[in-house]
file data-v9.cif (mmCIF, C-alpha atoms)
data_work
#
loop_
_atom_site.label_atom_id
_atom_site.label_comp_id
_atom_site.auth_asym_id
_atom_site.auth_seq_id
_atom_site.Cartn_x
_atom_site.Cartn_y
_atom_site.Cartn_z
CA MET A 1 -128.37 31.96 -127.21
CA PRO A 2 -128.41 30.29 -123.78
CA ASP A 3 -125.83 31.36 -121.22
CA GLU A 4 -122.99 28.84 -121.17
CA ARG A 5 -121.82 29.39 -117.60
CA PRO A 6 -120.38 26.18 -116.13
CA THR A 7 -122.87 23.61 -114.86
CA GLU A 8 -120.77 23.13 -111.69
CA GLY A 9 -121.24 26.77 -110.73
CA ARG A 10 -124.98 26.47 -111.25
CA LYS A 11 -125.08 23.45 -108.93
CA VAL A 12 -123.29 25.40 -106.19
CA ASP A 13 -125.79 28.25 -106.67
CA HIS A 14 -128.70 25.84 -106.31
CA ILE A 15 -127.41 24.32 -103.07
CA ARG A 16 -126.72 27.73 -101.54
CA ILE A 17 -130.10 29.16 -102.54
CA VAL A 18 -132.17 26.17 -101.41
CA LEU A 19 -130.43 26.14 -98.01
CA ASN A 20 -130.51 29.89 -97.38
CA GLU A 21 -133.40 31.51 -99.24
CA ASP A 22 -137.20 31.31 -99.18
CA VAL A 23 -137.84 29.33 -102.36
CA ALA A 24 -141.19 27.83 -101.42
CA ALA A 25 -144.00 28.12 -103.95
CA LYS A 26 -146.22 31.13 -103.30
CA GLY A 27 -149.99 31.15 -103.74
CA VAL A 28 -150.31 27.40 -104.34
CA SER A 29 -150.34 24.55 -101.83
CA THR A 30 -149.71 20.83 -102.13
CA GLY A 31 -153.41 20.13 -101.60
CA PHE A 32 -152.76 17.72 -98.73
CA GLY A 33 -154.47 20.16 -96.37
CA ALA A 34 -157.78 19.53 -98.17
CA TYR A 35 -157.79 15.91 -96.97
CA ARG A 36 -158.01 14.36 -93.52
CA LEU A 37 -157.12 10.86 -92.43
CA PRO A 38 -159.98 9.32 -90.44
CA HIS A 39 -159.26 9.15 -86.73
CA THR A 40 -159.76 5.83 -84.95
CA ALA A 41 -159.94 6.11 -81.16
CA ILE A 42 -159.72 2.32 -80.67
CA PRO A 43 -157.39 1.17 -83.45
CA GLU A 44 -156.81 -2.33 -81.96
CA ILE A 45 -153.22 -2.10 -83.25
CA ASP A 46 -149.86 -2.20 -81.48
CA LEU A 47 -147.73 0.70 -82.77
CA ALA A 48 -144.68 -1.57 -82.63
CA GLU A 49 -146.31 -3.99 -85.10
CA ILE A 50 -147.15 -1.47 -87.84
CA ASP A 51 -145.55 -2.63 -91.07
CA THR A 52 -144.34 0.05 -93.50
CA ARG A 53 -142.35 -2.29 -95.74
CA THR A 54 -142.79 -2.25 -99.51
CA THR A 55 -140.91 -3.03 -102.72
CA PHE A 56 -139.69 -0.57 -105.33
CA LEU A 57 -137.63 -1.23 -108.44
CA GLY A 58 -137.30 -4.84 -107.33
CA LYS A 59 -135.76 -3.92 -103.98
CA SER A 60 -137.17 -4.03 -100.47
CA LEU A 61 -137.76 -0.76 -98.61
CA ARG A 62 -138.41 -0.53 -94.89
CA ALA A 63 -140.69 2.43 -95.59
CA PRO A 64 -142.26 3.84 -98.78
CA LEU A 65 -139.91 6.80 -98.92
CA LEU A 66 -137.57 8.10 -101.62
CA ILE A 67 -134.98 10.75 -100.84
CA SER A 68 -135.65 12.82 -103.93
CA SER A 69 -133.03 13.99 -106.40
CA MET A 70 -131.19 17.05 -105.18
CA THR A 71 -127.60 17.56 -106.15
CA GLY A 72 -124.29 16.48 -107.65
CA GLY A 73 -121.73 17.91 -110.02
CA ALA A 74 -119.86 20.07 -107.49
CA SER A 75 -117.38 19.32 -104.72
CA VAL A 76 -119.77 20.32 -101.95
CA ALA A 77 -122.42 18.05 -103.47
CA GLU A 78 -120.36 14.91 -102.89
CA GLN A 79 -120.54 15.37 -99.12
CA ILE A 80 -124.30 15.91 -99.31
CA ASN A 81 -124.95 12.89 -101.54
CA LEU A 82 -122.84 10.60 -99.36
CA ALA A 83 -124.72 11.73 -96.24
CA LEU A 84 -128.09 11.21 -97.94
CA ALA A 85 -127.06 7.79 -99.23
CA GLU A 86 -125.68 6.63 -95.90
CA ALA A 87 -128.96 7.66 -94.27
CA ALA A 88 -130.97 5.85 -96.96
CA GLU A 89 -128.94 2.68 -96.40
CA TYR A 90 -129.36 2.87 -92.63
CA LEU A 91 -133.12 3.51 -92.80
CA GLY A 92 -133.88 1.22 -95.75
CA LEU A 93 -135.09 3.94 -98.13
CA ALA A 94 -134.61 4.72 -101.83
CA MET A 95 -132.63 7.65 -103.20
CA GLY A 96 -132.22 9.64 -106.40
CA VAL A 97 -129.22 11.76 -107.32
CA GLY A 98 -129.35 15.17 -108.94
CA SER A 99 -128.92 15.76 -112.65
CA GLN A 100 -125.76 14.03 -113.88
CA ARG A 101 -125.28 16.35 -116.85
CA ALA A 102 -122.20 17.89 -115.23
CA ALA A 103 -120.44 14.53 -114.89
CA ILE A 104 -121.40 13.37 -118.37
CA ALA A 105 -119.77 16.52 -119.71
CA ASP A 106 -116.79 16.21 -117.33
CA PRO A 107 -116.16 12.67 -115.99
CA ARG A 108 -113.92 14.13 -113.29
CA LEU A 109 -117.14 15.10 -111.47
CA ALA A 110 -118.56 11.56 -111.46
CA HIS A 111 -117.37 10.97 -107.90
CA THR A 112 -119.84 13.61 -106.64
CA TYR A 113 -122.68 11.24 -107.56
CA GLN A 114 -121.13 7.86 -106.70
CA VAL A 115 -122.52 6.62 -103.40
CA ARG A 116 -122.55 2.84 -103.66
CA ARG A 117 -119.60 2.55 -101.29
CA VAL A 118 -121.84 3.75 -98.45
CA ALA A 119 -125.17 2.47 -99.82
CA PRO A 120 -124.64 -0.91 -101.50
CA THR A 121 -128.22 -2.18 -101.19
CA ILE A 122 -130.54 0.80 -101.70
CA ALA A 123 -132.77 1.41 -104.69
CA LEU A 124 -130.74 4.12 -106.43
CA LEU A 125 -131.95 6.31 -109.30
CA ALA A 126 -129.75 8.02 -111.89
CA ASN A 127 -130.94 11.32 -113.36
CA VAL A 128 -130.64 13.42 -116.51
CA GLY A 129 -132.84 16.13 -117.97
CA ALA A 130 -135.23 14.88 -120.63
CA VAL A 131 -134.71 18.09 -122.60
CA GLN A 132 -131.05 17.11 -123.09
CA LEU A 133 -132.33 14.53 -125.58
CA ASN A 134 -132.82 17.58 -127.84
CA TYR A 135 -129.31 18.88 -127.14
CA GLY A 136 -127.04 16.03 -128.18
CA TYR A 137 -127.92 13.37 -125.62
CA GLY A 138 -129.03 9.91 -126.69
CA ILE A 139 -129.07 6.30 -125.51
CA GLU A 140 -125.32 6.28 -124.84
CA GLU A 141 -125.45 9.23 -122.43
CA CYS A 142 -128.40 7.67 -120.63
CA ARG A 143 -126.49 4.40 -120.26
CA ARG A 144 -123.48 6.29 -118.92
CA ALA A 145 -125.62 7.97 -116.26
CA VAL A 146 -126.92 4.58 -115.08
CA GLU A 147 -123.53 2.88 -115.15
CA MET A 148 -121.79 5.82 -113.48
CA ILE A 149 -123.62 5.22 -110.20
CA GLU A 150 -124.71 1.57 -110.60
CA ALA A 151 -128.34 2.71 -110.65
CA ASP A 152 -131.52 0.64 -110.56
CA ALA A 153 -133.45 3.10 -112.77
CA LEU A 154 -132.99 6.30 -114.74
CA ILE A 155 -134.95 9.45 -114.03
CA LEU A 156 -135.61 11.66 -117.04
CA HIS A 157 -136.74 14.88 -115.43
CA LEU A 158 -139.08 17.39 -117.05
CA ASN A 159 -138.54 21.03 -116.08
CA PRO A 160 -139.87 23.33 -118.81
CA LEU A 161 -140.60 26.20 -116.43
CA GLN A 162 -137.19 26.07 -114.77
CA GLU A 163 -135.39 25.95 -118.11
CA ALA A 164 -137.51 28.81 -119.48
CA VAL A 165 -136.58 31.19 -116.64
CA GLN A 166 -132.99 29.97 -116.16
CA PRO A 167 -130.34 32.31 -117.61
CA GLU A 168 -128.64 29.40 -119.39
CA GLY A 169 -131.79 27.32 -119.92
CA ASN A 170 -132.40 24.77 -122.69
CA THR A 171 -135.90 25.48 -123.93
CA ASN A 172 -136.58 23.22 -126.93
CA PHE A 173 -138.99 20.60 -125.60
CA LYS A 174 -140.32 19.69 -129.07
CA GLY A 175 -140.45 16.01 -130.06
CA LEU A 176 -139.41 14.58 -126.70
CA LEU A 177 -142.05 11.84 -126.46
CA GLY A 178 -140.54 9.81 -129.27
CA LYS A 179 -137.07 10.16 -127.79
CA ILE A 180 -138.32 9.13 -124.35
CA GLU A 181 -139.90 6.06 -125.95
CA ALA A 182 -136.55 5.15 -127.56
CA VAL A 183 -134.79 5.39 -124.19
CA CYS A 184 -137.45 3.23 -122.54
CA ARG A 185 -136.93 0.55 -125.18
CA ALA A 186 -133.13 0.62 -125.10
CA LEU A 187 -132.17 0.82 -121.44
CA PRO A 188 -131.84 -2.33 -119.29
CA VAL A 189 -133.36 -0.50 -116.30
CA PRO A 190 -136.74 1.21 -115.89
CA VAL A 191 -137.18 4.84 -116.94
CA VAL A 192 -138.82 7.13 -114.40
CA ILE A 193 -140.34 10.39 -115.61
CA LYS A 194 -140.24 13.14 -113.01
CA GLU A 195 -141.35 16.74 -112.92
CA VAL A 196 -139.41 19.06 -110.63
CA GLY A 197 -142.22 20.77 -108.74
CA ASN A 198 -144.94 21.85 -111.17
CA GLY A 199 -146.73 18.54 -111.53
CA ILE A 200 -147.75 15.83 -113.98
CA GLY A 201 -151.46 15.41 -114.59
CA ALA A 202 -153.54 12.60 -116.07
CA ASP A 203 -153.25 13.67 -119.71
CA ASP A 204 -149.46 13.86 -119.65
CA ALA A 205 -149.30 10.60 -117.71
CA ARG A 206 -151.33 8.83 -120.40
CA ARG A 207 -148.97 10.10 -123.12
CA LEU A 208 -145.97 8.93 -121.14
CA TYR A 209 -147.52 5.52 -120.54
CA GLU A 210 -148.03 5.12 -124.29
CA CYS A 211 -144.28 5.73 -124.68
CA GLY A 212 -143.44 2.86 -122.33
CA VAL A 213 -143.04 4.78 -119.06
CA ARG A 214 -144.20 2.69 -116.10
CA VAL A 215 -142.98 4.83 -113.18
CA ILE A 216 -144.05 8.47 -112.84
CA ASP A 217 -142.90 10.92 -110.17
CA VAL A 218 -145.66 13.52 -110.27
CA ALA A 219 -143.59 16.12 -108.33
CA GLY A 220 -146.48 18.52 -107.89
CA ALA A 221 -146.65 22.14 -106.84
CA GLY A 222 -146.63 23.40 -103.28
CA GLY A 223 -143.06 22.70 -102.18
CA THR A 224 -139.82 24.14 -103.47
CA SER A 225 -140.38 26.27 -106.56
CA TRP A 226 -137.52 26.04 -109.04
CA SER A 227 -138.68 29.22 -110.73
CA GLU A 228 -138.13 30.87 -107.34
CA VAL A 229 -134.70 29.26 -107.08
CA GLU A 230 -133.83 30.64 -110.50
CA ARG A 231 -135.20 34.06 -109.51
CA PHE A 232 -132.44 34.29 -106.94
CA ARG A 233 -129.87 33.51 -109.64
CA GLN A 234 -130.98 36.32 -111.93
CA THR A 235 -128.63 39.26 -112.42
CA ASN A 236 -131.19 41.83 -113.61
CA ASP A 237 -134.69 43.06 -112.77
CA HIS A 238 -136.19 41.74 -116.00
CA GLY A 239 -135.10 38.17 -115.23
CA ARG A 240 -136.25 38.42 -111.62
CA ARG A 241 -139.65 39.71 -112.71
CA VAL A 242 -140.23 36.92 -115.24
CA ALA A 243 -139.16 34.15 -112.84
CA GLY A 244 -141.18 35.66 -109.98
CA ALA A 245 -144.39 35.62 -112.02
CA PHE A 246 -144.48 31.80 -111.80
CA ALA A 247 -144.19 31.25 -108.04
CA ASP A 248 -147.78 29.93 -107.99
CA TRP A 249 -147.52 27.82 -111.16
CA GLY A 250 -148.39 24.14 -111.29
CA ILE A 251 -150.73 21.35 -110.29
CA PRO A 252 -150.98 20.65 -106.53
CA THR A 253 -149.29 17.41 -105.51
CA ALA A 254 -152.39 15.79 -104.04
CA GLU A 255 -154.33 16.50 -107.24
CA CYS A 256 -151.55 14.99 -109.37
CA ILE A 257 -151.49 11.77 -107.35
CA ARG A 258 -155.26 11.40 -107.37
CA GLU A 259 -155.56 12.13 -111.11
CA VAL A 260 -152.75 9.85 -112.28
CA HIS A 261 -153.83 6.99 -110.04
CA ALA A 262 -157.42 7.21 -111.30
CA ALA A 263 -156.30 7.33 -114.93
CA LEU A 264 -153.52 4.73 -114.73
CA PRO A 265 -153.84 2.50 -111.66
CA GLN A 266 -151.25 0.13 -113.14
CA VAL A 267 -148.49 2.77 -113.10
CA THR A 268 -146.09 3.03 -110.17
CA ILE A 269 -146.56 6.52 -108.76
CA ILE A 270 -143.98 8.44 -106.79
CA GLY A 271 -145.83 11.17 -104.95
CA SER A 272 -143.54 14.13 -104.35
CA GLY A 273 -143.72 17.90 -104.17
CA GLY A 274 -143.90 19.67 -100.81
CA VAL A 275 -144.03 16.50 -98.72
CA ARG A 276 -142.98 17.86 -95.34
CA THR A 277 -144.25 15.38 -92.72
CA GLY A 278 -145.02 11.73 -92.24
CA VAL A 279 -148.69 12.68 -92.23
CA ASP A 280 -148.23 13.97 -95.78
CA VAL A 281 -146.68 10.61 -96.66
CA ALA A 282 -149.70 8.77 -95.26
CA LYS A 283 -152.09 10.99 -97.22
CA ALA A 284 -150.09 10.53 -100.42
CA ILE A 285 -150.22 6.73 -100.07
CA ALA A 286 -153.96 6.83 -99.35
CA LEU A 287 -154.48 9.00 -102.47
CA GLY A 288 -152.70 6.47 -104.68
CA ALA A 289 -148.93 6.90 -104.43
CA ASP A 290 -146.80 3.76 -104.20
CA VAL A 291 -143.72 5.54 -102.90
CA VAL A 292 -143.40 9.10 -101.63
CA GLY A 293 -140.50 11.42 -102.42
CA THR A 294 -139.17 14.18 -100.21
CA ALA A 295 -136.16 16.44 -100.53
CA LYS A 296 -136.20 19.46 -98.21
CA PRO A 297 -136.74 17.49 -94.95
CA ALA A 298 -133.72 15.34 -95.80
CA LEU A 299 -131.48 18.34 -96.53
CA ALA A 300 -130.80 19.22 -92.90
CA ASP A 301 -129.23 22.59 -92.15
CA SER A 302 -126.50 20.81 -90.18
CA ILE A 303 -125.66 18.29 -92.91
CA SER A 304 -122.29 19.91 -93.59
CA GLU A 305 -121.24 19.48 -89.94
CA ARG A 306 -123.01 16.27 -88.89
CA GLY A 307 -123.41 14.42 -92.20
CA ALA A 308 -125.60 11.32 -92.24
CA GLU A 309 -126.38 11.67 -88.54
CA ALA A 310 -128.33 14.88 -89.21
CA VAL A 311 -130.25 13.30 -92.11
CA ILE A 312 -131.10 10.19 -90.09
CA GLU A 313 -132.30 12.25 -87.15
CA GLY A 314 -134.69 14.24 -89.31
CA LEU A 315 -136.01 11.30 -91.29
CA GLU A 316 -136.50 9.09 -88.24
CA ALA A 317 -138.96 11.69 -86.93
CA PHE A 318 -140.55 11.77 -90.38
CA LEU A 319 -141.02 7.97 -90.34
CA ARG A 320 -142.33 8.05 -86.77
CA GLU A 321 -144.98 10.51 -87.90
CA LEU A 322 -146.02 8.08 -90.64
CA ARG A 323 -146.37 5.23 -88.17
CA VAL A 324 -148.38 7.33 -85.70
CA ALA A 325 -150.67 8.46 -88.53
CA MET A 326 -151.20 4.83 -89.49
CA LEU A 327 -151.94 3.84 -85.89
CA CYS A 328 -154.46 6.63 -85.39
CA SER A 329 -156.24 5.84 -88.67
CA GLY A 330 -156.36 2.10 -87.90
CA CYS A 331 -153.89 0.92 -90.55
CA VAL A 332 -151.51 -1.88 -89.63
CA ASP A 333 -149.78 -1.89 -93.02
CA LEU A 334 -149.59 -0.02 -96.32
CA ARG A 335 -152.27 -2.19 -97.89
CA ALA A 336 -154.75 -0.96 -95.27
CA LEU A 337 -153.55 2.62 -95.74
CA ARG A 338 -154.15 2.40 -99.49
CA ALA A 339 -157.69 1.20 -98.83
CA LEU A 340 -158.58 4.22 -96.68
CA ARG A 341 -161.06 6.80 -97.89
CA LEU A 342 -159.87 10.25 -96.99
CA ALA A 343 -162.29 12.91 -95.80
CA ALA A 344 -162.16 16.03 -97.96
#
call {"tool": "encode", "arguments": {"input": "data-v9.cif", "output": "structure tokens"}}
result
Amino acid sequence: MPDERPTEGRKVDHIRIVLNEDVAAKGVSTGFGAYRLPHTAIPEIDLAEIDTRTTFLGKSLRAPLLISSMTGGASVAEQINLALAEAAEYLGLAMGVGSQRAAIADPRLAHTYQVRRVAPTIALLANVGAVQLNYGYGIEECRRAVEMIEADALILHLNPLQEAVQPEGNTNFKGLLGKIEAVCRALPVPVVIKEVGNGIGADDARRLYECGVRVIDVAGAGGTSWSEVERFRQTNDHGRRVAGAFADWGIPTAECIREVHAALPQVTIIGSGGVRTGVDVAKAIALGADVVGTAKPALADSISERGAEAVIEGLEAFLRELRVAMLCSGCVDLRALRALRLAA
């Protein structure tokens, strides 16, 4: 039987561990280091004129960046989500919230996810675990997640490894494709399928596309490892050993993006998983991503004291790196960046 410890307590654990412990994947990299952007010594471009604008979920972004799903469902999470959302609004980025399971179970926690008061115009993504469709969730719960935060899309996240090593994990992933298809058909907003850091490859992407999924967040390996996060939550050596065995598990992010784009060029790809710099963003776009997700760089250590200011400061440097990478590779806009051939 799974441990039934409160979801809110688990959320607090996750925030504390991600901020304070070394939870990076071990023995596997994102794969971005295997590629180089071509350097152009005479780019014939004015840095000030580089255009990073794009559209996503029918909304305009000033840069192809999504602040990836992180948290919610606990009092401390409300402060974090509001800071992230305020920064996204200021910078013209998209944002996803963390799993809303806690607030669906206890509506008193809904406020920890609700950010429209500080971010009225951003592309905002709701989020529930796909595996919950095997544990009592259906169309109604998915609708509630979307309506709760006035979202533009719903993420159904896939996290079999995390659930398998989590003390209270839900581990029945059987028959989910048909249930995902039903959600895609019923919801009035797009469904985004997202891994949480172990990757989605071409074969899985094809199966998801056949179910009606048109946006895939590949969330590859090389960044935060959620099996490592869960290792720090274990209360015995056996649990720590099992979770620790998977620190190198998954498909590198760059490989995921390249594979899924080659197999399904018509799908909107969110490239996430260990994206740590604007140069990584540029490489992800050149490999086939439409939008790039990042979490850790947005979760500034000083967010609890400085709020949105700390997030904005970090992400402005991130976006500057993207623009400099575009200048030095001769790309005046994202269309030119997507046409680049990276050196391996």
call {"tool": "residues_around", "arguments": {"input": "data-v9.cif", "residues": "Val292 (chain A)", "least_positions_apart": "2", "cutoff": "6 Å", "atoms": "only C-alpha atoms", "output": "number ranges by chain"}}
result
A: 65-66, 270-272
call {"tool": "closest_residue", "arguments": {"input": "data-v9.cif", "among": "A:Ala88, A:Ala25, A:Ala186, A:Ala103", "to": "Ser225 (chain A)", "atoms": "only C-alpha atoms"}}
result
A:Ala25
call {"tool": "resolve_selection", "arguments": {"input": "data-v9.cif", "expression": "the PyMOL selection byres ((chain A and resi 110) around 10)", "output": "list in words"}}
result
Gly72, Gly73, Ala74, Glu78, Gln100, Arg101, Ala102, Ala103, Ile104, Ala105, Asp106, Pro107, Arg108, Leu109, His111, Thr112, Tyr113, Gln114, Ala145, Met148 and Ile149 of chain A
call {"tool": "write_last_selection", "arguments": {"input": "data-v9.cif", "atoms": "C-alpha atoms", "output": "mmCIF file, in the coordinates of the input"}}
result
data_model
loop_
_atom_site.group_PDB
_atom_site.id
_atom_site.type_symbol
_atom_site.label_atom_id
_atom_site.label_comp_id
_atom_site.auth_asym_id
_atom_site.auth_seq_id
_atom_site.Cartn_x
_atom_site.Cartn_y
_atom_site.Cartn_z
ATOM 1 C CA GLY A 72 -124.290 16.480 -107.650
ATOM 2 C CA GLY A 73 -121.730 17.910 -110.020
ATOM 3 C CA ALA A 74 -119.860 20.070 -107.490
ATOM 4 C CA GLU A 78 -120.360 14.910 -102.890
ATOM 5 C CA GLN A 100 -125.760 14.030 -113.880
ATOM 6 C CA ARG A 101 -125.280 16.350 -116.850
ATOM 7 C CA ALA A 102 -122.200 17.890 -115.230
ATOM 8 C CA ALA A 103 -120.440 14.530 -114.890
ATOM 9 C CA ILE A 104 -121.400 13.370 -118.370
ATOM 10 C CA ALA A 105 -119.770 16.520 -119.710
ATOM 11 C CA ASP A 106 -116.790 16.210 -117.330
ATOM 12 C CA PRO A 107 -116.160 12.670 -115.990
ATOM 13 C CA ARG A 108 -113.920 14.130 -113.290
ATOM 14 C CA LEU A 109 -117.140 15.100 -111.470
ATOM 15 C CA HIS A 111 -117.370 10.970 -107.900
ATOM 16 C CA THR A 112 -119.840 13.610 -106.640
ATOM 17 C CA TYR A 113 -122.680 11.240 -107.560
ATOM 18 C CA GLN A 114 -121.130 7.860 -106.700
ATOM 19 C CA ALA A 145 -125.620 7.970 -116.260
ATOM 20 C CA MET A 148 -121.790 5.820 -113.480
ATOM 21 C CA ILE A 149 -123.620 5.220 -110.200
#
call {"tool": "closest_residue", "arguments": {"input": "data-v9.cif", "among": "A:Arg143, A:Arg241, A:His157, A:Arg276", "to": "Ser227 (chain A)", "atoms": "all atoms listed in the file"}}
result
A:Arg241
call {"tool": "residues_near_point", "arguments": {"input": "data-v9.cif", "point": "(-143.1, 24.4, -121.8)", "cutoff": "8 Å", "atoms": "only C-alpha atoms", "output": "PDB file with C-alpha atoms, keeping the file's coordinate frame"}}
result
ATOM      1  CA  PRO A 160    -139.870  23.330-118.810  1.00  0.00           C
ATOM      2  CA  LEU A 161    -140.600  26.200-116.430  1.00  0.00           C
ATOM      3  CA  ALA A 164    -137.510  28.810-119.480  1.00  0.00           C
ATOM      4  CA  THR A 171    -135.900  25.480-123.930  1.00  0.00           C
ATOM      5  CA  PHE A 173    -138.990  20.600-125.600  1.00  0.00           C
TER       6      PHE A 173
END
call {"tool": "closest_residue", "arguments": {"input": "data-v9.cif", "among": "A:Ala205, A:Val242, A:Val191, A:Cys211", "to": "Leu176 (chain A)", "atoms": "all atoms listed in the file"}}
result
A:Cys211
call {"tool": "atom_distance", "arguments": {"input": "data-v9.cif", "atom1": "CA of Ala282 (chain A)", "atom2": "CA of Thr54 (chain A)"}}
result
13.7 Å
call {"tool": "residues_around", "arguments": {"input": "data-v9.cif", "residues": "Glu21 (chain A)", "least_positions_apart": "3", "cutoff": "12 Å", "atoms": "all atoms listed in the file", "output": "PyMOL selection string"}}
result
chain A and resi 13-18+24+224-226+228-233
call {"tool": "residues_around", "arguments": {"input": "data-v9.cif", "residues": "Thr52 (chain A)", "least_positions_apart": "6", "cutoff": "10 Å", "atoms": "all atoms listed in the file", "output": "VMD selection string"}}
result
chain A and resid 61 to 65 319 322 to 323 326 332 to 335 337
call {"tool": "closest_atom_pairs", "arguments": {"input": "data-v9.cif", "of": "region 150-201 of chain A", "to": "region 245-263 of chain A", "cutoff": "7 Å", "atoms": "all atoms listed in the file", "output": "CSV"}}
result
residue,atom,partner,partner_atom,distance
A:Asn198,CA,A:Gly250,CA,4.1
A:Gly199,CA,A:Ile251,CA,5.0
A:Ile200,CA,A:Cys256,CA,6.0
A:Gly201,CA,A:Cys256,CA,5.2
call {"tool": "write_last_selection", "arguments": {"input": "data-v9.cif", "atoms": "C-alpha atoms", "output": "tab-separated table (two decimals), keeping the file's coordinate frame"}}
result
chain	number	residue	atom	x	y	z
A	198	ASN	CA	-144.94	21.85	-111.17
A	199	GLY	CA	-146.73	18.54	-111.53
A	200	ILE	CA	-147.75	15.83	-113.98
A	201	GLY	CA	-151.46	15.41	-114.59
call {"tool": "closest_residue", "arguments": {"input": "data-v9.cif", "among": "A:Leu342, A:Val311, A:Ile180, A:Val131", "to": "Ala284 (chain A)", "atoms": "only C-alpha atoms"}}
result
A:Leu342
call {"tool": "residues_near_point", "arguments": {"input": "data-v9.cif", "point": "(-116.8, 3.9, -97.7)", "cutoff": "12 Å", "atoms": "all atoms listed in the file", "output": "list in words"}}
result
Leu82, Ala83, Ala85, Glu86, Gln114, Val115, Arg116, Arg117, Val118, Ala119 and Pro120 of chain A
call {"tool": "resolve_selection", "arguments": {"input": "data-v9.cif", "expression": "the PyMOL selection byres ((chain A and resi 34) around 10)", "output": "ChimeraX atom specification"}}
result
/A:29-33,35-36,254,342-344
call {"tool": "atom_distance", "arguments": {"input": "data-v9.cif", "atom1": "CA of Val215 (chain A)", "atom2": "CA of Ile193 (chain A)"}}
result
6.6 Å
call {"tool": "resolve_selection", "arguments": {"input": "data-v9.cif", "expression": "the PyMOL selection byres ((chain A and resi 125) around 7)", "output": "list in words"}}
result
Met95, Gly96, Val97, Ala123, Leu124, Ala126, Asn127, Ala151, Asp152, Ala153, Leu154 and Ile155 of chain A
call {"tool": "closest_residue", "arguments": {"input": "data-v9.cif", "among": "A:Val76, A:Leu84, A:Leu327, A:Ala243", "to": "Val165 (chain A)", "atoms": "only C-alpha atoms"}}
result
A:Ala243
call {"tool": "closest_residue", "arguments": {"input": "data-v9.cif", "among": "A:Glu49, A:Ile122, A:Arg306, A:Gly288", "to": "Leu91 (chain A)", "atoms": "only C-alpha atoms"}}
result
A:Ile122
call {"tool": "atom_distance", "arguments": {"input": "data-v9.cif", "atom1": "CA of Gly138 (chain A)", "atom2": "CA of Gln162 (chain A)"}}
result
21.7 Å
